[in-house]
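The structure under discussion appears below in the form of C-alpha cells.
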Amino acid sequence: MSEIRRQSIISSIIVYSGFALGILNTYLFTREGGFTKEQYGLTGAFMAIGQIMFSVASMGMPAYIYKFRPYYRSHVPRNRDEQLTLSLSVSVIGFILVLAGGLVFRGVINQAYANSPQVITYYYWLFPFGFGMTLFSVLEAYGWATHHSVMTNFLRELLFRLFITALFALTALGILTEFDQFVHLYAFTFLIIAFILVVFLLVKKEFRFTFSFSRVTI
C-alpha cells in the first residue's frame, strides 16, 4: 500500500470519527438541562468570527505555502528554508492589525451584534480564539505541504472536538461551575492544538526559523 493511500485511509477514518464526535457534542450542547440556545449560538459565533479573523490575518499564507512549497523544497537548503518563518510572521502581523481594528471599531461591532449580547459579553475572548485558529491554520497548511496530513487532520477534526467533549464532562462533573469558565477554556482550544502541532513539527525536524531570504522568496 502506498504511503499516500495509507494516509488517505487514516485521514478518512479520523474525519468520520470527528464527524461522529461533533454530533455527540451538538447533542450535549442542545439536550434539555444542558446549555441554553444562546450559549450554543455563542460557540457558533466564535467559529464564524474566528474564521473571519483568520481569513484577514493570514493574508493568503496557506495558499502561498501550498503553491510554493515544492519550490522551497527543491531550491532551498533545509537549514535556510524561510517559508514557515515568513508565513507565521506575516500572519502574526496580520492578526495584530485585526486586533487593532477590533479594538478601534468595538462600538460598531457592538451595534452589529446588538441582538447577540453573549458575543458582546465575551468579545475579548474572541481574539485568543481567532489568533489560535490563525496560527493553527497556517501550521496546518505547512503540515499538509510537508506530508503530515494525518496529524493535522487528527488535531483539527478529532482532538479539537475531544477538547470540547472534555469541557462538557468537566461541566457535568461540576468542576466548571460557570459558563464563563467554559468560554475561557474554549477560547484557547486552537492555541493548544497549534502548540501541539509545533511540537510535532519540531520532532519531525520540519519546524525551523530563519530570518534570511532565499532566492525563491526574493
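For the C-alpha cells, the naming scheme is as follows: chains receive sequential letters (A, B, ...) according to their order of presentation, residues are indexed from 1 within each chain, and ligands are indexed from 1 in presentation order.
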
Segment 10-103 of chain A residues near segment 120-135 of chain A within 7 Å, closest pair each, using only C-alpha atoms, as a tab-separated table:
```
residue	atom	partner	partner_atom	distance
A:Phe46	CA	A:Leu126	CA	6.2
A:Gly50	CA	A:Gly130	CA	4.2
A:Met53	CA	A:Gly130	CA	5.7
A:Phe54	CA	A:Thr134	CA	4.6
A:Ser58	CA	A:Thr134	CA	6.4
A:Phe95	CA	A:Phe131	CA	6.8
```

Exercise. Counting only C-alpha atoms, what is within 9 Å of segment 80-93 of chain A, bar same-chain residues fewer than 2 positions away, as a ChimeraX atom specification?
Worked result: /A:54,56-62,64-65,68-69,72-73,76-78,95-98,131,134-135,138-139,142,207-214,217

Exercise. As an MDAnalysis selection string, which residues of segment 47-184 of chain A does DSSP assign to helix (DSSP H, G or I)?
Worked result: chainID A and resid 47:57 61:75 78:80 83:104 106:112 117:121 123:145 149:172 179:184

Problem set entry | Between atom CA of Val108 of chain A and atom CA of Tyr40 of chain A, distance in Å (one decimal) |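 These atoms are spaced 23.8 Å apart.
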
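Minimum atom-to-atom distance to Thr165 of chain A, evaluated using only C-alpha atoms, belongs to A:Phe29 out of A:Phe29, A:Phe179, A:Phe136, A:Tyr113.
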
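Atom CA of Val119 of chain A is found 11.0 Å from atom CA of Val183 of chain A.
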
Problem set entry | Test item: residues at most 12 Å from segment 151-154 of chain A, only C-alpha atoms, excluding those fewer than 2 positions along its chain, as number ranges by chain | A: 7-19, 136-149, 156-162, 193-201, 204
